[in-house]
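A.B. asks: Here you go, protein.txt (compact mmCIF, C-alpha atoms):
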```txt
# COMPACT_ATOMS: atom_id res chain seq x y z
CA MET A 10 0.56 21.41 -18.40
CA LYS A 11 3.78 19.80 -17.21
CA GLU A 12 4.37 22.38 -14.49
CA PHE A 13 0.78 22.13 -13.32
CA VAL A 14 1.01 18.36 -13.02
CA LEU A 15 4.30 18.56 -11.16
CA VAL A 16 3.05 21.17 -8.68
CA ALA A 17 -0.29 19.40 -8.14
CA THR A 18 1.25 15.99 -7.54
CA ALA A 19 3.93 17.50 -5.30
CA VAL A 20 1.32 19.20 -3.13
CA ILE A 21 -0.91 16.12 -2.99
CA LEU A 22 1.93 13.73 -2.18
CA SER A 23 3.31 16.10 0.46
CA LEU A 24 -0.06 16.24 2.19
CA ALA A 25 -0.38 12.45 1.97
CA ALA A 26 3.11 11.91 3.40
CA ALA A 27 2.34 14.36 6.22
CA GLY A 28 -0.81 12.41 7.06
CA ALA A 29 1.05 9.11 7.06
CA ILE A 30 3.79 10.55 9.28
CA VAL A 31 1.19 11.88 11.70
CA ARG A 32 -0.32 8.40 11.88
CA ILE A 33 3.13 6.92 12.50
CA ALA A 34 3.61 9.40 15.33
CA ILE A 35 0.25 9.03 17.06
CA GLY A 36 -0.61 5.46 16.07
CA PRO A 37 -1.91 3.70 19.16
CA SER A 38 -0.36 0.33 18.36
CA LEU A 39 2.64 -1.05 16.53
CA LEU A 40 0.56 -2.44 13.67
CA ASP A 41 -0.90 1.00 12.96
CA ARG A 42 2.63 2.34 12.63
CA VAL A 43 3.64 -0.52 10.34
CA LEU A 44 0.63 0.11 8.12
CA ALA A 45 1.31 3.85 8.00
CA SER A 46 4.97 3.30 7.14
CA ASP A 47 3.84 0.98 4.35
CA VAL A 48 1.67 3.80 3.01
CA LEU A 49 4.63 6.18 3.30
CA LEU A 50 6.69 3.73 1.24
CA ALA A 51 3.95 3.62 -1.39
CA ILE A 52 3.94 7.43 -1.50
CA LEU A 53 7.72 7.42 -2.02
CA GLY A 54 7.27 4.95 -4.86
CA ALA A 55 4.63 7.20 -6.38
CA ALA A 56 7.05 10.13 -6.23
CA LEU A 57 9.73 8.06 -7.98
CA ALA A 58 7.23 7.04 -10.65
CA ILE A 59 6.18 10.64 -11.23
CA ASP A 60 9.84 11.60 -11.64
CA MET A 61 10.27 8.85 -14.21
CA ALA A 62 7.12 9.77 -16.13
CA MET A 63 7.84 13.49 -16.21
CA ASN A 64 11.53 13.31 -17.12
CA LYS A 65 11.16 10.29 -19.42
CA HIS A 66 13.77 8.00 -17.99
CA LEU A 67 13.67 4.55 -16.40
CA ASN A 68 16.44 4.81 -13.84
CA ASN A 69 14.21 4.29 -10.82
CA LEU A 70 12.31 1.24 -12.01
CA MET A 71 14.42 -1.32 -10.15
CA LEU A 72 14.23 0.95 -7.11
CA LEU A 73 10.45 0.75 -7.35
CA VAL A 74 10.55 -3.05 -7.33
CA ALA A 75 13.02 -2.96 -4.43
CA LEU A 76 10.60 -0.72 -2.51
CA ALA A 77 7.90 -3.36 -2.95
CA VAL A 78 10.27 -6.03 -1.59
CA ILE A 79 11.25 -3.88 1.39
CA GLY A 80 7.65 -3.11 2.27
CA PHE A 81 6.67 -6.76 2.01
CA ILE A 82 9.52 -8.06 4.14
CA GLY A 83 9.12 -5.34 6.74
CA SER A 84 5.36 -5.79 7.15
CA VAL A 85 5.53 -9.59 7.33
CA THR A 86 8.43 -9.58 9.80
CA VAL A 87 6.86 -7.07 12.14
CA ALA A 88 3.47 -8.81 11.95
CA ARG A 89 5.04 -12.15 12.96
CA PHE A 90 6.95 -10.45 15.73
CA VAL A 91 3.89 -8.74 17.19
CA ALA A 92 1.91 -11.98 17.21
CA GLU A 93 4.61 -13.89 19.04
CA ARG A 94 5.20 -11.14 21.58
CA ARG A 95 1.53 -10.81 22.46
CA GLU A 96 0.98 -14.56 22.78
CA GLN A 97 3.90 -14.90 25.12
CA SER A 98 2.73 -12.03 27.28
CA ASN A 99 -0.76 -13.55 27.42
CA GLU A 100 0.52 -16.92 28.52
CA SER A 101 2.77 -15.61 31.24
CA MET B 537 7.07 18.67 -25.52
CA ASN B 538 8.22 17.12 -28.76
CA PRO B 539 8.89 19.58 -31.58
CA ASP B 540 6.53 17.63 -33.86
CA ALA B 541 3.70 17.63 -31.35
CA THR B 542 0.57 16.45 -33.06
CA GLY B 543 -2.91 15.93 -31.70
CA VAL B 544 -2.10 12.40 -30.60
CA ASP B 545 0.79 13.64 -28.50
CA ALA B 546 -1.43 16.21 -26.82
CA VAL B 547 -4.00 13.53 -26.03
CA ILE B 548 -1.32 11.21 -24.61
CA ASP B 549 0.08 14.02 -22.48
CA ALA B 550 -3.38 14.85 -21.17
CA VAL B 551 -4.08 11.21 -20.30
CA THR B 552 -0.69 11.00 -18.57
CA ALA B 553 -1.46 14.12 -16.54
CA VAL B 554 -4.83 12.70 -15.48
CA PHE B 555 -3.23 9.37 -14.50
CA LEU B 556 -0.52 11.07 -12.44
CA VAL B 557 -2.92 13.37 -10.59
CA VAL B 558 -5.43 10.58 -9.89
CA GLY B 559 -2.62 8.29 -8.74
CA ALA B 560 -1.41 10.98 -6.37
CA LEU B 561 -4.98 11.43 -5.12
CA MET B 562 -4.98 7.71 -4.24
CA SER B 563 -2.09 8.40 -1.86
CA LEU B 564 -3.94 11.35 -0.39
CA GLY B 565 -7.03 9.19 0.09
CA ALA B 566 -4.95 6.58 1.89
CA ALA B 567 -3.52 9.22 4.21
CA ILE B 568 -6.98 10.65 4.95
CA GLY B 569 -8.25 7.13 5.61
CA LEU B 570 -5.32 6.43 7.92
CA LEU B 571 -6.10 9.57 9.91
CA ARG B 572 -9.86 9.30 10.10
CA PHE B 573 -10.79 5.63 10.25
CA PRO B 574 -11.37 4.26 13.75
CA ASP B 575 -9.52 0.95 13.89
CA LEU B 576 -6.81 -1.06 12.20
CA MET B 577 -8.98 -3.11 9.86
CA SER B 578 -10.61 -0.11 8.21
CA ARG B 579 -7.23 1.62 8.01
CA MET B 580 -5.92 -1.43 6.16
CA HIS B 581 -8.77 -0.99 3.70
CA ALA B 582 -7.66 2.57 2.99
CA ALA B 583 -3.95 1.73 2.85
CA THR B 584 -4.32 -0.58 -0.14
CA LYS B 585 -5.30 2.18 -2.56
CA PRO B 586 -1.88 3.65 -3.44
CA GLN B 587 -0.26 0.23 -3.37
CA VAL B 588 -2.36 -1.26 -6.16
CA LEU B 589 -4.43 1.25 -8.12
CA GLY B 590 -2.10 4.18 -7.49
CA LEU B 591 0.93 2.20 -8.63
CA PHE B 592 -0.98 0.98 -11.69
CA LEU B 593 -1.86 4.53 -12.71
CA MET B 594 1.72 5.72 -12.18
CA LEU B 595 3.19 2.85 -14.21
CA ALA B 596 0.66 3.40 -16.98
CA ALA B 597 1.69 7.06 -17.07
CA ILE B 598 5.34 6.03 -17.41
CA GLY B 599 4.47 3.65 -20.21
CA LEU B 600 2.50 6.33 -22.02
CA GLN B 601 5.30 8.84 -21.72
CA MET B 602 8.12 6.56 -22.84
CA ARG B 603 6.40 5.81 -26.22
CA THR B 604 8.18 2.49 -26.66
CA TRP B 605 6.74 -0.97 -26.54
CA TRP B 606 9.48 -2.76 -24.63
CA VAL B 607 8.78 -0.87 -21.39
CA TRP B 608 5.32 -2.32 -20.99
CA PRO B 609 6.45 -5.87 -19.97
CA VAL B 610 8.87 -4.38 -17.43
CA LEU B 611 6.16 -2.18 -15.96
CA LEU B 612 3.78 -5.15 -15.92
CA VAL B 613 6.33 -7.22 -14.02
CA ALA B 614 6.73 -4.45 -11.45
CA TRP B 615 2.97 -4.17 -11.01
CA ILE B 616 2.41 -7.93 -10.79
CA PHE B 617 5.11 -8.17 -8.17
CA GLN B 618 3.33 -5.56 -6.10
CA LEU B 619 0.06 -7.44 -6.66
CA LEU B 620 1.66 -10.64 -5.35
CA THR B 621 3.28 -9.14 -2.26
CA ALA B 622 0.60 -6.69 -1.09
CA PRO B 623 -2.10 -9.30 -0.23
CA VAL B 624 0.39 -11.49 1.64
CA SER B 625 1.62 -8.67 3.85
CA ALA B 626 -1.93 -7.42 4.38
CA HIS B 627 -2.97 -10.94 5.34
CA MET B 628 -0.14 -11.19 7.86
CA VAL B 629 -0.92 -7.80 9.38
CA GLY B 630 -4.62 -8.55 9.58
CA ARG B 631 -4.02 -11.98 11.07
CA SER B 632 -1.80 -10.68 13.82
CA ALA B 633 -4.23 -7.81 14.38
CA TYR B 634 -7.04 -10.31 14.91
CA ARG B 635 -4.94 -12.55 17.14
CA THR B 636 -3.75 -9.69 19.32
CA LYS B 637 -7.28 -8.27 19.76
CA HIS B 638 -6.80 -5.09 17.79
CA GLY B 639 -9.85 -3.37 16.44
CA HIS B 640 -13.30 -2.96 17.84
CA ARG B 641 -15.23 -6.22 17.98
CA GLU B 642 -18.52 -4.46 18.60
CA MET B 643 -18.25 -2.70 15.23
CA LEU B 644 -18.27 -5.97 13.31
CA THR B 645 -21.62 -7.12 11.98
CA LYS B 646 -20.43 -10.71 11.53
CA ASP B 647 -17.32 -12.44 12.83
CA GLU B 648 -16.89 -15.72 11.01
CA LEU B 649 -13.32 -16.23 12.15
CA GLU B 650 -14.35 -16.36 15.80
CA ALA B 651 -16.12 -19.73 15.42
CA VAL B 652 -13.17 -21.18 13.51
CA VAL B 653 -10.69 -20.03 16.14
CA GLN B 654 -12.87 -21.42 18.92
CA ARG B 655 -13.17 -24.77 17.16
CA ALA B 656 -9.44 -24.97 16.49
CA ALA B 657 -8.64 -24.09 20.08
CA ALA B 658 -11.14 -26.67 21.37
CA GLY B 659 -9.86 -29.36 19.01
CA GLN B 660 -6.16 -28.96 19.65
CA GLU B 661 -5.98 -28.16 23.31
CA PRO B 662 -9.18 -29.11 25.18
CA GLU B 663 -8.73 -27.37 28.53
CA THR B 664 -6.23 -24.58 28.23
CA GLU B 665 -6.66 -20.89 28.73
CA ARG B 666 -9.42 -20.39 26.14
```
Write the structure described by the file as structure tokens, please.
C.D. replies:
Amino acid sequence: MKEFVLVATAVILSLAAAGAIVRIAIGPSLLDRVLASDVLLAILGAALAIDMAMNKHLNNLMLLVALAVIGFIGSVTVARFVAERREQSNES
Amino acid sequence: MNPDATGVDAVIDAVTAVFLVVGALMSLGAAIGLLRFPDLMSRMHAATKPQVLGLFLMLAAIGLQMRTWWVWPVLLVAWIFQLLTAPVSAHMVGRSAYRTKHGHREMLTKDELEAVVQRAAAGQEPETER
């Protein structure tokens, strides 16, 4: 049971991370890449949570909260940046 | 896993396994949505799945496996924090996507923000570029 769950989640999360990385690579705009990197961060958090649940420890819990903070700050900062860049280029 | 594994332990392990696999499938669904959806707004719809429901399933699996009561408030705080930050960042990304003309306007059935933006632009600056 435990091995099956580990192998299944590892395969699923690897495929998901590969898809997110492909979208980061081919994303037509900057916001697509930001969104895909946010998804990649969520996949990393899921992997950390699976490690905690399977090995029965809580070492990564603060890291999970820190991942949420990093994703939030990164998305908001880049979104503000894109808006200001585009408005300036439209005005000029 | 425990030496004194009873029926309850087997049930809890099975529920944990289901939660972990379904939570991982949320990530896979987000990746498939990122690859297949046509524009940024629909990709944002897909990207929310592992951030909220996937994280909830993972944290519930942790709480089920730890078998103590004091972990549940900590896990709840982690989940609520994600619930507070995910809509704000999604709002910022969607706002700048609308302002910078991402996405396909012809795919929208109704654009209620357009009238508001027009009115705000007309009210603040009467004869500028808009």
A.B. asks: Pick out the residues sitting within 10 Å of A:Met61, and hand them over as a list of chain:residue names; count only C-alpha atoms, and ignore anything fewer than 3 positions along from it in its own chain.
C.D. replies: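 My reading of the contact set: A:Ala55, A:Ala56, A:Leu57, A:Ala58, A:Asn64, A:Lys65, A:His66, A:Leu67, A:Asn68, A:Asn69, A:Leu70, B:Met594, B:Leu595, B:Ala597, B:Ile598, B:Gly599, B:Gln601, B:Met602.
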A.B. asks: So what do you get for atom CA of A:Asp41 versus atom CA of A:Thr18, distance-wise?
C.D. replies: 25.5 Å
A.B. asks: Dump as a PyMOL selection string all residues having an atom at most 12 Å from (-1.6, -6.8, -2.0), computed in the file's coordinates with all atoms listed in the file.
C.D. replies: (chain A and resi 47+51+77-78+80-81+84) or (chain B and resi 580-581+583-589+591+615-629)
A.B. asks: Figure out the distance between atom CA of B:Asp647 and atom CA of A:Leu40, please, to one decimal in Å.
C.D. replies: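 Separation of atom CA of A:Leu40 and atom CA of B:Asp647: 20.5 Å.
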A.B. asks: Rank nothing, just name the residue among B:Val557, B:Ile568, B:Ala614, B:Ala546 nearest to A:Ala26, using only C-alpha atoms.
C.D. replies: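 Going through B:Val557, B:Ile568, B:Ala614, B:Ala546 one by one, the smallest distance to A:Ala26 is for B:Ile568.
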A.B. asks: Return the single residue from A:Ala25, A:Met10, A:Met71, A:Val43 that is closest to chain B, with distances computed using all atoms listed in the file.
C.D. replies: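 Among the listed residues, the smallest separation from chain B belongs to A:Ala25.
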A.B. asks: Please compute the atom CA of A:Gly54-atom CA of B:Tyr634 distance, one decimal, in Å.
C.D. replies: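 Value for the atom CA of A:Gly54-atom CA of B:Tyr634 distance: 28.8 Å.
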A.B. asks: At a cut-off of 7 Å, using only C-alpha atoms, what residues contact B:Ala560? Leave out same-chain residues fewer than 5 positions from it and give the result as a PyMOL selection string.
C.D. replies: (chain A and resi 18+21-22) or (chain B and resi 590)
A.B. asks: To test the calculation: enclose all listed atoms of stretch 560-574 of chain B in a box whose edges run along x, y and z, add 4 Å on each side, then state centre and edge lengths in Å to one decimal, as JSON.
C.D. replies:
```
{"center_x": -6.4, "center_y": 7.8, "center_z": 3.7, "size_x": 18.0, "size_y": 15.2, "size_z": 28.1}
```
A.B. asks: Between B:Ala633, B:Val547, B:Ala658, B:Leu649, single out the one closest to chain A, counting only C-alpha atoms.
C.D. replies: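 The answer is B:Ala633, which sits nearest to chain A.
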A.B. asks: For chain A, which residue among B:Phe592, B:Val551, B:Trp605, B:Leu571 is the nearest when counting only C-alpha atoms?
C.D. replies: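 Distance minimum relative to chain A lands on B:Leu571.
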A.B. asks: Point out the residue among A:Val91, A:Leu44, A:Val20, A:Ala75 with the least atom-to-atom distance to B:Ala566, counting all atoms listed in the file.
C.D. replies: A:Leu44
A.B. asks: With all atoms listed in the file as the basis for distance, which of A:Leu72, A:Leu53, A:Gly28, A:Gly83 is at the shortest distance from chain B?
C.D. replies: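 Of the candidates, the smallest distance to chain B is held by A:Gly28.
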A.B. asks: Can you complete the atoms of stretch 587-615 of chain B to N, CA and C atoms and list them as a PDB file, in the coordinates of the input?
C.D. replies:
```
ATOM      1  N   GLN B 587      -1.128   1.366  -3.062  1.00  0.00           N
ATOM      2  CA  GLN B 587      -0.260   0.230  -3.370  1.00  0.00           C
ATOM      3  C   GLN B 587      -0.655  -0.471  -4.650  1.00  0.00           C
ATOM      4  N   VAL B 588      -1.930  -0.509  -4.980  1.00  0.00           N
ATOM      5  CA  VAL B 588      -2.360  -1.260  -6.160  1.00  0.00           C
ATOM      6  C   VAL B 588      -2.822  -0.328  -7.283  1.00  0.00           C
ATOM      7  N   LEU B 589      -3.904   0.416  -7.036  1.00  0.00           N
ATOM      8  CA  LEU B 589      -4.430   1.250  -8.120  1.00  0.00           C
ATOM      9  C   LEU B 589      -3.536   2.457  -8.376  1.00  0.00           C
ATOM     10  N   GLY B 590      -2.986   3.040  -7.300  1.00  0.00           N
ATOM     11  CA  GLY B 590      -2.100   4.180  -7.490  1.00  0.00           C
ATOM     12  C   GLY B 590      -0.855   3.799  -8.265  1.00  0.00           C
ATOM     13  N   LEU B 591      -0.267   2.651  -7.907  1.00  0.00           N
ATOM     14  CA  LEU B 591       0.930   2.200  -8.630  1.00  0.00           C
ATOM     15  C   LEU B 591       0.601   1.871 -10.072  1.00  0.00           C
ATOM     16  N   PHE B 592      -0.593   1.283 -10.307  1.00  0.00           N
ATOM     17  CA  PHE B 592      -0.980   0.980 -11.690  1.00  0.00           C
ATOM     18  C   PHE B 592      -1.101   2.249 -12.520  1.00  0.00           C
ATOM     19  N   LEU B 593      -1.708   3.284 -11.953  1.00  0.00           N
ATOM     20  CA  LEU B 593      -1.860   4.530 -12.710  1.00  0.00           C
ATOM     21  C   LEU B 593      -0.512   5.171 -12.994  1.00  0.00           C
ATOM     22  N   MET B 594       0.392   5.127 -11.985  1.00  0.00           N
ATOM     23  CA  MET B 594       1.720   5.720 -12.180  1.00  0.00           C
ATOM     24  C   MET B 594       2.490   4.966 -13.269  1.00  0.00           C
ATOM     25  N   LEU B 595       2.447   3.629 -13.211  1.00  0.00           N
ATOM     26  CA  LEU B 595       3.190   2.850 -14.210  1.00  0.00           C
ATOM     27  C   LEU B 595       2.597   3.023 -15.595  1.00  0.00           C
ATOM     28  N   ALA B 596       1.278   3.153 -15.677  1.00  0.00           N
ATOM     29  CA  ALA B 596       0.660   3.400 -16.980  1.00  0.00           C
ATOM     30  C   ALA B 596       1.078   4.761 -17.530  1.00  0.00           C
ATOM     31  N   ALA B 597       1.219   5.742 -16.628  1.00  0.00           N
ATOM     32  CA  ALA B 597       1.690   7.060 -17.070  1.00  0.00           C
ATOM     33  C   ALA B 597       3.116   6.985 -17.606  1.00  0.00           C
ATOM     34  N   ILE B 598       3.963   6.208 -16.918  1.00  0.00           N
ATOM     35  CA  ILE B 598       5.340   6.030 -17.410  1.00  0.00           C
ATOM     36  C   ILE B 598       5.331   5.392 -18.784  1.00  0.00           C
ATOM     37  N   GLY B 599       4.526   4.325 -18.921  1.00  0.00           N
ATOM     38  CA  GLY B 599       4.470   3.650 -20.210  1.00  0.00           C
ATOM     39  C   GLY B 599       3.953   4.531 -21.324  1.00  0.00           C
ATOM     40  N   LEU B 600       3.006   5.414 -20.991  1.00  0.00           N
ATOM     41  CA  LEU B 600       2.500   6.330 -22.020  1.00  0.00           C
ATOM     42  C   LEU B 600       3.531   7.365 -22.399  1.00  0.00           C
ATOM     43  N   GLN B 601       4.330   7.791 -21.417  1.00  0.00           N
ATOM     44  CA  GLN B 601       5.300   8.840 -21.720  1.00  0.00           C
ATOM     45  C   GLN B 601       6.523   8.319 -22.450  1.00  0.00           C
ATOM     46  N   MET B 602       6.885   7.048 -22.220  1.00  0.00           N
ATOM     47  CA  MET B 602       8.120   6.560 -22.840  1.00  0.00           C
ATOM     48  C   MET B 602       7.950   6.316 -24.339  1.00  0.00           C
ATOM     49  N   ARG B 603       6.721   5.998 -24.784  1.00  0.00           N
ATOM     50  CA  ARG B 603       6.400   5.810 -26.220  1.00  0.00           C
ATOM     51  C   ARG B 603       7.211   4.687 -26.857  1.00  0.00           C
ATOM     52  N   THR B 604       7.561   3.688 -26.073  1.00  0.00           N
ATOM     53  CA  THR B 604       8.180   2.490 -26.660  1.00  0.00           C
ATOM     54  C   THR B 604       7.412   1.281 -26.159  1.00  0.00           C
ATOM     55  N   TRP B 605       7.522   0.202 -26.914  1.00  0.00           N
ATOM     56  CA  TRP B 605       6.740  -0.970 -26.540  1.00  0.00           C
ATOM     57  C   TRP B 605       7.443  -1.849 -25.529  1.00  0.00           C
ATOM     58  N   TRP B 606       8.791  -1.795 -25.503  1.00  0.00           N
ATOM     59  CA  TRP B 606       9.480  -2.760 -24.630  1.00  0.00           C
ATOM     60  C   TRP B 606       9.371  -2.384 -23.170  1.00  0.00           C
ATOM     61  N   VAL B 607       8.926  -1.175 -22.819  1.00  0.00           N
ATOM     62  CA  VAL B 607       8.780  -0.870 -21.390  1.00  0.00           C
ATOM     63  C   VAL B 607       7.577  -1.544 -20.780  1.00  0.00           C
ATOM     64  N   TRP B 608       6.559  -1.819 -21.583  1.00  0.00           N
ATOM     65  CA  TRP B 608       5.320  -2.320 -20.990  1.00  0.00           C
ATOM     66  C   TRP B 608       5.501  -3.652 -20.258  1.00  0.00           C
ATOM     67  N   PRO B 609       6.245  -4.653 -20.781  1.00  0.00           N
ATOM     68  CA  PRO B 609       6.450  -5.870 -19.970  1.00  0.00           C
ATOM     69  C   PRO B 609       7.177  -5.607 -18.668  1.00  0.00           C
ATOM     70  N   VAL B 610       8.144  -4.687 -18.671  1.00  0.00           N
ATOM     71  CA  VAL B 610       8.870  -4.380 -17.430  1.00  0.00           C
ATOM     72  C   VAL B 610       7.933  -3.761 -16.410  1.00  0.00           C
ATOM     73  N   LEU B 611       7.117  -2.810 -16.866  1.00  0.00           N
ATOM     74  CA  LEU B 611       6.160  -2.180 -15.960  1.00  0.00           C
ATOM     75  C   LEU B 611       5.138  -3.191 -15.458  1.00  0.00           C
ATOM     76  N   LEU B 612       4.742  -4.117 -16.326  1.00  0.00           N
ATOM     77  CA  LEU B 612       3.780  -5.150 -15.920  1.00  0.00           C
ATOM     78  C   LEU B 612       4.374  -6.062 -14.865  1.00  0.00           C
ATOM     79  N   VAL B 613       5.672  -6.384 -15.027  1.00  0.00           N
ATOM     80  CA  VAL B 613       6.330  -7.220 -14.020  1.00  0.00           C
ATOM     81  C   VAL B 613       6.384  -6.503 -12.685  1.00  0.00           C
ATOM     82  N   ALA B 614       6.698  -5.209 -12.708  1.00  0.00           N
ATOM     83  CA  ALA B 614       6.730  -4.450 -11.450  1.00  0.00           C
ATOM     84  C   ALA B 614       5.361  -4.428 -10.792  1.00  0.00           C
ATOM     85  N   TRP B 615       4.302  -4.245 -11.597  1.00  0.00           N
ATOM     86  CA  TRP B 615       2.970  -4.170 -11.010  1.00  0.00           C
ATOM     87  C   TRP B 615       2.522  -5.527 -10.485  1.00  0.00           C
TER      88      TRP B 615
END
```
